[in-house]
>>> print(open('run-v8.txt').read())   # compact mmCIF, C-alpha atoms and all ligand atoms
# COMPACT_ATOMS: atom_id res chain seq x y z
CA MET A 81 126.92 118.92 101.09
CA LYS A 82 123.38 118.95 102.41
CA LEU A 83 121.36 116.63 104.61
CA ILE A 84 117.68 116.38 103.79
CA GLY A 85 115.30 115.28 106.49
CA SER A 86 112.72 115.96 109.09
CA PRO A 87 113.71 117.23 112.57
CA THR A 88 111.41 114.59 114.10
CA SER A 89 112.87 111.55 112.30
CA PRO A 90 115.05 109.47 114.61
CA TYR A 91 117.22 108.25 111.72
CA VAL A 92 117.83 111.84 110.62
CA ARG A 93 118.77 112.71 114.18
CA LYS A 94 121.35 109.92 114.25
CA VAL A 95 123.07 111.46 111.23
CA ARG A 96 122.80 115.01 112.59
CA ILE A 97 124.43 113.92 115.85
CA PHE A 98 127.20 112.22 113.88
CA ILE A 99 127.75 115.38 111.78
CA GLN A 100 128.06 117.53 114.91
CA GLU A 101 130.33 115.12 116.71
CA LYS A 102 132.66 115.17 113.70
CA SER A 103 132.33 118.96 113.15
CA ILE A 104 131.43 118.44 109.50
CA ALA A 105 130.14 121.40 107.49
CA CYS A 106 126.76 120.29 106.17
CA GLU A 107 123.58 122.24 105.53
CA PHE A 108 120.41 120.78 107.06
CA VAL A 109 117.43 121.08 104.69
CA VAL A 110 114.08 120.33 106.28
CA ASP A 111 111.85 118.25 104.03
CA ARG A 112 109.24 115.71 105.07
CA PRO A 113 108.54 112.90 102.61
CA SER A 114 104.89 112.90 103.72
CA MET A 115 104.37 116.49 102.51
CA PRO A 116 102.93 117.06 99.03
CA GLY A 117 105.65 118.31 96.69
CA SER A 118 108.45 116.89 98.81
CA SER A 119 111.79 116.77 97.00
CA VAL A 120 112.82 113.57 98.76
CA PRO A 121 111.79 111.06 96.02
CA GLN A 122 113.96 112.98 93.54
CA PHE A 123 116.97 112.10 95.65
CA ASN A 124 115.92 108.78 97.17
CA PRO A 125 113.56 106.61 95.10
CA LEU A 126 112.41 105.00 98.34
CA GLY A 127 111.05 108.38 99.44
CA LYS A 128 112.71 108.14 102.84
CA VAL A 129 114.88 110.43 104.90
CA PRO A 130 117.67 111.00 105.72
CA VAL A 131 119.25 111.65 102.35
CA LEU A 132 122.68 113.21 101.99
CA VAL A 133 123.34 115.14 98.80
CA ARG A 134 127.04 115.26 98.08
CA ASP A 135 128.80 118.32 96.63
CA ASP A 136 128.79 116.61 93.23
CA GLY A 137 125.00 116.20 93.46
CA ARG A 138 125.01 112.47 94.07
CA ALA A 139 122.68 111.20 96.78
CA VAL A 140 123.61 108.84 99.63
CA TYR A 141 121.08 106.88 101.72
CA ASP A 142 120.15 105.32 104.14
CA SER A 143 121.39 106.61 107.54
CA SER A 144 123.83 103.76 107.93
CA VAL A 145 125.49 104.40 104.57
CA ILE A 146 125.46 108.16 105.15
CA VAL A 147 127.45 107.88 108.39
CA GLU A 148 129.97 105.60 106.71
CA TYR A 149 130.35 108.09 103.86
CA LEU A 150 130.76 111.01 106.28
CA ASP A 151 133.29 109.16 108.41
CA GLY A 152 135.28 108.33 105.30
CA VAL A 153 135.42 111.82 103.82
CA SER A 154 135.98 113.81 107.02
CA ALA A 155 139.09 114.49 109.07
CA GLY A 156 139.45 113.69 112.75
CA PRO A 157 139.17 110.47 114.70
CA LYS A 158 137.09 107.80 112.98
CA LEU A 159 133.77 106.97 114.63
CA ILE A 160 133.60 103.72 112.63
CA PRO A 161 136.76 101.71 113.33
CA GLU A 162 138.87 100.58 110.41
CA SER A 163 139.84 97.19 111.80
CA PHE A 164 137.44 94.50 110.63
CA GLU A 165 136.41 92.98 113.96
CA ASP A 166 135.94 96.36 115.64
CA ARG A 167 133.95 97.68 112.69
CA ILE A 168 131.61 94.69 112.70
CA GLU A 169 131.05 95.09 116.44
CA VAL A 170 130.28 98.82 116.14
CA ARG A 171 127.96 98.04 113.22
CA ARG A 172 126.22 95.36 115.30
CA TRP A 173 125.48 97.93 118.02
CA GLU A 174 124.15 100.25 115.36
CA ALA A 175 121.94 97.51 113.85
CA LEU A 176 120.60 96.67 117.29
CA ALA A 177 119.74 100.30 118.07
CA ASP A 178 118.28 100.92 114.59
CA GLY A 179 116.18 97.76 114.92
CA MET A 180 114.85 98.93 118.28
CA VAL A 181 113.96 102.26 116.66
CA ASP A 182 112.28 100.43 113.74
CA ALA A 183 110.00 98.55 116.17
CA THR A 184 109.26 101.76 118.09
CA VAL A 185 108.43 103.62 114.87
CA GLU A 186 106.11 100.78 113.78
CA ILE A 187 104.22 100.98 117.07
CA ALA A 188 104.00 104.78 116.85
CA HIS A 189 102.63 104.66 113.30
CA ASP A 190 100.09 101.98 114.05
CA SER A 191 98.92 103.68 117.24
CA ARG A 192 97.88 106.67 115.15
CA GLU A 193 95.51 104.54 113.04
CA PRO A 194 91.80 104.52 113.85
CA GLU A 195 90.93 101.76 116.33
CA GLU A 196 89.36 99.48 113.69
CA LYS A 197 92.44 99.58 111.47
CA ARG A 198 94.98 98.86 114.20
CA ARG A 199 97.06 95.70 114.24
CA SER A 200 96.45 92.80 116.61
CA THR A 201 97.57 92.52 120.23
CA GLU A 202 99.96 89.76 119.09
CA TRP A 203 101.59 92.16 116.64
CA TYR A 204 102.02 94.78 119.38
CA ASP A 205 103.46 92.13 121.74
CA LYS A 206 105.94 91.10 119.07
CA GLN A 207 107.17 94.69 118.57
CA HIS A 208 107.40 95.25 122.33
CA SER A 209 109.41 92.02 122.71
CA LYS A 210 111.92 93.25 120.13
CA ILE A 211 112.36 96.46 122.12
CA SER A 212 112.66 94.63 125.46
CA ARG A 213 115.23 92.16 124.14
CA ALA A 214 117.24 94.92 122.48
CA LEU A 215 117.33 96.93 125.73
CA ALA A 216 118.38 93.87 127.72
CA VAL A 217 121.24 93.04 125.34
CA MET A 218 122.42 96.65 125.26
CA ASN A 219 122.39 96.81 129.06
CA ARG A 220 124.22 93.47 129.35
CA ASP A 221 126.84 94.23 126.70
CA LEU A 222 127.49 97.69 128.08
CA GLY A 223 128.09 96.40 131.61
CA THR A 224 130.12 98.93 133.54
CA ALA A 225 131.86 100.36 130.46
CA GLN A 226 131.76 104.06 129.59
CA PHE A 227 131.46 103.35 125.88
CA CYS A 228 129.75 100.59 123.91
CA HIS A 229 132.85 99.32 122.19
CA GLY A 230 136.61 99.46 122.46
CA GLY A 231 136.83 101.95 125.34
CA ARG A 232 136.34 104.90 123.03
CA PHE A 233 133.55 107.02 121.57
CA SER A 234 132.13 105.60 118.34
CA LEU A 235 129.05 105.33 116.16
CA ALA A 236 127.87 102.58 118.52
CA ASP A 237 127.43 105.13 121.32
CA ILE A 238 125.56 107.55 119.07
CA ALA A 239 123.27 104.74 117.91
CA VAL A 240 122.43 103.42 121.37
CA ALA A 241 121.86 106.88 122.81
CA TYR A 242 119.66 108.09 119.93
CA GLY A 243 117.72 104.81 120.14
CA CYS A 244 117.03 105.25 123.85
CA GLY A 245 116.16 108.91 123.24
CA TYR A 246 113.62 107.99 120.60
CA LEU A 247 112.06 105.34 122.81
CA ASP A 248 111.69 107.94 125.58
CA ARG A 249 110.05 110.39 123.21
CA SER A 250 107.74 107.87 121.62
CA GLN A 251 106.84 105.88 124.73
CA PRO A 252 107.47 108.19 127.70
CA ALA A 253 105.82 105.76 130.12
CA HIS A 254 107.87 102.74 129.02
CA GLY A 255 109.80 102.51 132.28
CA TRP A 256 112.88 100.74 130.89
CA ARG A 257 115.31 102.61 133.14
CA ALA A 258 114.37 100.69 136.29
CA LEU A 259 115.20 97.38 134.57
CA HIS A 260 118.39 98.53 132.86
CA PRO A 261 120.34 100.84 135.17
CA ALA A 262 123.66 100.69 133.27
CA LEU A 263 121.96 101.64 130.03
CA ALA A 264 119.94 104.32 131.82
CA GLN A 265 123.11 105.94 133.14
CA PHE A 266 124.73 105.74 129.74
CA ALA A 267 121.71 107.35 128.04
CA GLU A 268 121.64 110.11 130.65
CA ARG A 269 125.30 110.92 130.09
CA PHE A 270 125.06 111.00 126.30
CA SER A 271 121.83 112.97 126.16
CA ALA A 272 123.70 115.84 127.87
CA ARG A 273 126.22 116.16 125.02
CA PRO A 274 125.75 119.31 122.87
CA SER A 275 125.18 117.16 119.74
CA PHE A 276 122.20 115.51 121.45
CA GLN A 277 120.87 118.71 123.01
CA THR A 278 120.89 120.72 119.78
CA THR A 279 119.24 117.96 117.72
CA ALA A 280 116.47 117.20 120.21
CA PRO A 281 113.23 117.06 118.24
CA PRO A 282 110.65 119.78 118.81
CA PRO A 283 107.96 118.79 121.31
CA ALA A 284 105.21 116.66 119.69
N1 LIG A 301 116.56 102.46 107.48
C1 LIG A 301 116.29 103.81 107.09
C2 LIG A 301 114.96 104.26 107.65
C3 LIG A 301 114.52 105.60 107.10
C4 LIG A 301 113.06 105.88 107.39
O1 LIG A 301 112.24 104.95 107.55
N2 LIG A 301 112.72 107.17 107.45
C5 LIG A 301 111.35 107.57 107.67
C6 LIG A 301 111.31 108.79 108.59
S1 LIG A 301 111.53 108.33 110.27
C7 LIG A 301 110.75 107.99 106.35
O2 LIG A 301 111.37 108.71 105.60
N3 LIG A 301 109.53 107.53 106.09
C8 LIG A 301 108.78 107.92 104.91
C9 LIG A 301 108.25 106.74 104.17
O3 LIG A 301 108.57 105.59 104.52
O4 LIG A 301 107.50 106.95 103.23
C10 LIG A 301 117.45 104.72 107.58
O5 LIG A 301 118.14 104.31 108.54
O6 LIG A 301 117.70 105.79 107.00
>>> encode(input="run-v8.txt", output="structure tokens", more="lines below")
Ligand SMILES: N[C@@H](CCC(=O)N[C@@H](CS)C(=O)NCC(=O)O)C(=O)O
Amino acid sequence: MKLIGSPTSPYVRKVRIFIQEKSIACEFVVDRPSMPGSSVPQFNPLGKVPVLVRDDGRAVYDSSVIVEYLDGVSAGPKLIPESFEDRIEVRRWEALADGMVDATVEIAHDSREPEEKRRSTEWYDKQHSKISRALAVMNRDLGTAQFCHGGRFSLADIAVAYGCGYLDRSQPAHGWRALHPALAQFAERFSARPSFQTTAPPPA
């Protein structure tokens, strides 16, 4: 099995953290879809990473489907609960964190455009509002709990912590910690785990 992706992609990092937390044997193949000659479109017609190539050669994408596949085929405690209600709740956390990352990625991409091509202030405000609301809901729903859902470690925790990590990397001056102390503590704790430390993207 091999995971194709870029070490700087937040979605790839989510999967790499998941792989480490589950001690799954999986080769990491660095390939950036933006590079000429990239192999990514051969595996994912959307030309996006991460892509997981199974031992039988079949490809799995996107990150959300990859983690479900990996949880299903690997041994050890499940990081996506089997019971319907719990699974939906863990998936909701993941969707919230992924959505916050989507808005952060959009801002990062647009900020790199030349001034005259950049989107409007309204567009930026809209993306920032998504991030602010997501952080507020995460902080509220986490409360004083150690884990996002069900009192145990799950994909929800990986998703929230990688989302906060990406926000920190992309917008280091955001200042969300002062407003959301429970989430800040949570992010601090998770970022110290070996799976987070070893997948930290190289400095920009
Ligand atoms: N929802 C997708 C998002 C994947 C994604 O947007 N990946 C970016 C890298 S951060 C990418 O490959 N972009 C290349 C492109 O869109 O052409 C997932 O969770 O896997």
>>> residues_near_ligand(input="run-v8.txt", ligand="ligand LIG 301 (chain A)", cutoff="7 Å", atoms="all atoms listed in the file", output="list in words")
Ser89, Pro90, Tyr91, Pro113, Ser114, Gly127, Lys128, Val129, Pro130, Tyr141, Asp142, Ser143, Ser144 and Asp178 of chain A
>>> residues_near_point(input="run-v8.txt", point="(119.2, 110.0, 130.1)", cutoff="12 Å", atoms="only C-alpha atoms", output="PyMOL selection string")
chain A and resi 240-249+256-257+260-273+276-277
>>> atom_distance(input="run-v8.txt", atom1="CA of Ala175 in chain A", atom2="CA of Leu215 in chain A")
12.8 Å
>>> closest_residue(input="run-v8.txt", among="A:Leu176, A:Ile104, A:Ala139, A:Leu150", to="Gln122 in chain A", atoms="all atoms listed in the file")
A:Ala139
>>> atom_distance(input="run-v8.txt", atom1="CA of Ser118 in chain A", atom2="CA of Lys82 in chain A")
15.5 Å
>>> residues_around(input="run-v8.txt", residues="range 224-236 of chain A", least_positions_apart="3", cutoff="9 Å", atoms="all atoms listed in the file", output="PyMOL selection string")
chain A and resi 98+147+158-161+166+169-174+177+218+221+239-241+262+266
>>> residues_around(input="run-v8.txt", residues="Glu101 in chain A", least_positions_apart="4", cutoff="9 Å", atoms="all atoms listed in the file", output="PDB file with C-alpha atoms, in the frame of the given file")
ATOM      1  CA  ARG A  96     122.800 115.010 112.590  1.00  0.00           C
ATOM      2  CA  ILE A  97     124.430 113.920 115.850  1.00  0.00           C
ATOM      3  CA  PRO A 274     125.750 119.310 122.870  1.00  0.00           C
ATOM      4  CA  SER A 275     125.180 117.160 119.740  1.00  0.00           C
TER       5      SER A 275
END
>>> closest_residue(input="run-v8.txt", among="A:Phe123, A:Val95, A:Thr279, A:Pro87", to="Ile146 in chain A", atoms="all atoms listed in the file")
A:Val95
>>> atom_distance(input="run-v8.txt", atom1="CA of Ala188 in chain A", atom2="CA of Pro282 in chain A")
16.5 Å
